[in-house]
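Accompanying notes for the structure given below.
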Amino acid sequence: EIRDEAVYFQCIEPYVSSIVTDSELRATIVQEIAKKLIDTITIYEYDPEENEENLCDCMFSLAYGTRVLLHQTPLKLKLNHTYGILGHNGAGKSTLLRAMSNKTLQGFPDIEATYIEHHIPEELHDIVTLDYIASNPKIQAKGISREVIAANLAELYVTEHMMNSPLSTLSGGNVQRVNLILAKLAADPLILMDEPTNHIDALSIIWLKNYIKNTQSTTFLIISHDIKFMDEVCTN
């Protein structure tokens, strides 16, 4: 990047002198040419993510009732990145994730996503834990057996008794673990996490960190007040 007019003058003036003999006019012309060249300088900023695969590159709008939260907002998500979503309480962070998951976000592409919360809809409270995962359409489409589901739940410290009990009997932390395993097995390209470390113990948080860091072909969007956790797992 060179913006010194004197440098341009030295380079341009010899060519102009053969055409324009009047020194004052020549200086004016050379100055104008130099100014035009300097004004066209574009500084290339290196983007380390430039050659990485996009999961989406879109412009979206988000509303909650009659309130517009985001309007014509650009969003670019890269595959295999983990994004932390920041914003004050009530800004619409959870609303954004739900809209992405429900495919109701205007302008957002049709991407399969799993939204992880720490509660179960009331109409599902009486379903047995194993059945809850096994009956999920994404799990059925992948042909994942109950044995594989049980092995994955055990990996995250969900006991056999919990697996065979109704969801309504599980604590908030155990519901969170169950939903994490559901997301892992569904293996969607977009995983949306809303306060994933809430109600779970230190060992489960270690499992969660490893899951996020080691999962391939997936993009994570995370809302969390756990700053240490976010610093460890987020790439953006």
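The way I read the labels, and the way they are meant: chains A, B, ... in the order of the structure tokens, residue 1 as the first residue of every chain, and ligand 1 as the first ligand shown, with later ones counted on from there.
For Val158 of chain A, the non-local neighbours within 8 Å, defined as residues at least 3 positions apart in the same chain or in other chains and counting only C-alpha atoms, are A:Leu153, A:Ala154, A:Glu155, A:Met162, A:Met163, A:Asn174, A:Arg177, A:Val178.
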**Request:** Skip segment 65-67 of chain A itself and residues of its chain fewer than 3 positions away, then list as a ChimeraX atom specification all residues within 12 Å of it, counting only C-alpha atoms.
**Result:** /A:61-62,70-71,90-92,95
Please, could you write that set of residues out with N, CA and C atoms as a short mmCIF file (atom, residue, chain, number, x, y, z; two decimals), in the first residue's frame?
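Written out: selection10.cif:
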```cif
data_model
loop_
_atom_site.label_atom_id
_atom_site.label_comp_id
_atom_site.auth_asym_id
_atom_site.auth_seq_id
_atom_site.Cartn_x
_atom_site.Cartn_y
_atom_site.Cartn_z
N SER A 61 -34.10 -12.28 8.65
CA SER A 61 -34.82 -11.36 9.55
C SER A 61 -35.49 -12.19 10.64
N LEU A 62 -35.58 -11.62 11.83
CA LEU A 62 -36.15 -12.33 12.98
C LEU A 62 -37.08 -11.40 13.74
N LEU A 70 -34.16 -8.68 14.55
CA LEU A 70 -33.08 -8.52 13.58
C LEU A 70 -33.70 -8.36 12.20
N HIS A 71 -33.18 -7.42 11.42
CA HIS A 71 -33.75 -7.17 10.10
C HIS A 71 -32.65 -7.17 9.05
N GLY A 90 -32.89 -11.26 26.99
CA GLY A 90 -34.05 -10.71 26.30
C GLY A 90 -33.76 -10.21 24.90
N ALA A 91 -32.50 -10.37 24.45
CA ALA A 91 -32.14 -9.87 23.12
C ALA A 91 -32.70 -10.75 22.01
N GLY A 92 -33.05 -12.00 22.33
CA GLY A 92 -33.61 -12.90 21.33
C GLY A 92 -32.69 -14.04 20.93
N THR A 95 -34.65 -17.31 20.96
CA THR A 95 -35.64 -17.19 19.89
C THR A 95 -34.99 -17.45 18.53
#
```
**Request:** Check the DSSP output for the backbone and give back, as a ChimeraX atom specification, the residues of segment 18-180 of chain A in alpha helix (DSSP H).
**Result:** /A:23-39,93-102,129-134,137-142,146-155,160-163,172-180
**Request:** Find the residue from A:Val128, A:Ile29, A:Leu79, A:Leu37 that sits nearest to Glu52 of chain A; use only C-alpha atoms when measuring.
**Result:** A:Leu79
Residues near Lys142 of chain A, cut-off 10 Å, only C-alpha atoms, skip fewer than 3 positions along chain, as a PDB file with C-alpha atoms, in the first residue's frame:
```
ATOM      1  CA  PRO A 137     -37.515 -39.738  13.060  1.00  0.00           C
ATOM      2  CA  LYS A 138     -33.852 -38.852  12.516  1.00  0.00           C
ATOM      3  CA  ILE A 139     -32.709 -41.781  14.649  1.00  0.00           C
ATOM      4  CA  SER A 145     -30.503 -49.674  17.370  1.00  0.00           C
ATOM      5  CA  LEU A 185     -26.767 -39.626  17.237  1.00  0.00           C
ATOM      6  CA  ALA A 186     -28.903 -37.471  14.930  1.00  0.00           C
ATOM      7  CA  ALA A 187     -25.631 -35.953  13.655  1.00  0.00           C
TER       8      ALA A 187
END
```
**Message:** If you run DSSP on the backbone here, which positions in segment 22-214 of chain A get strand (DSSP E or B)? Please write them as a ChimeraX atom specification.
**Reply:** /A:54-64,67-78,82-84,106,113-116,128,166,190-194
**Request:** Considering only C-alpha atoms, return as a ChimeraX atom specification whatever protein or nucleic-acid residues lie within 9 Å of segment 202-215 of chain A, sequence-local ones (same chain, fewer than 2 positions apart) excluded.
**Result:** /A:80,82,155-157,177,180,184,196-197,200,217-220,229,232-234
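You can rank A:Thr159, A:Ser135, A:Gln106, A:Ser94 by their closest distance to Glu195 of chain A using only C-alpha atoms, and at the top of that list sits A:Ser94.
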**Request:** Show which residues sit within 12 Å of segment 12-24 of chain A, as a PyMOL selection string. Count only C-alpha atoms, and ignore same-chain residues fewer than 5 positions away.
**Result:** chain A and resi 5-7+29-35+37
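In this comparison, which uses only C-alpha atoms, the residue of A:Asp194, A:Asp126, A:Glu53, A:Asp110 approaching Ser168 of chain A most closely is A:Asp126.
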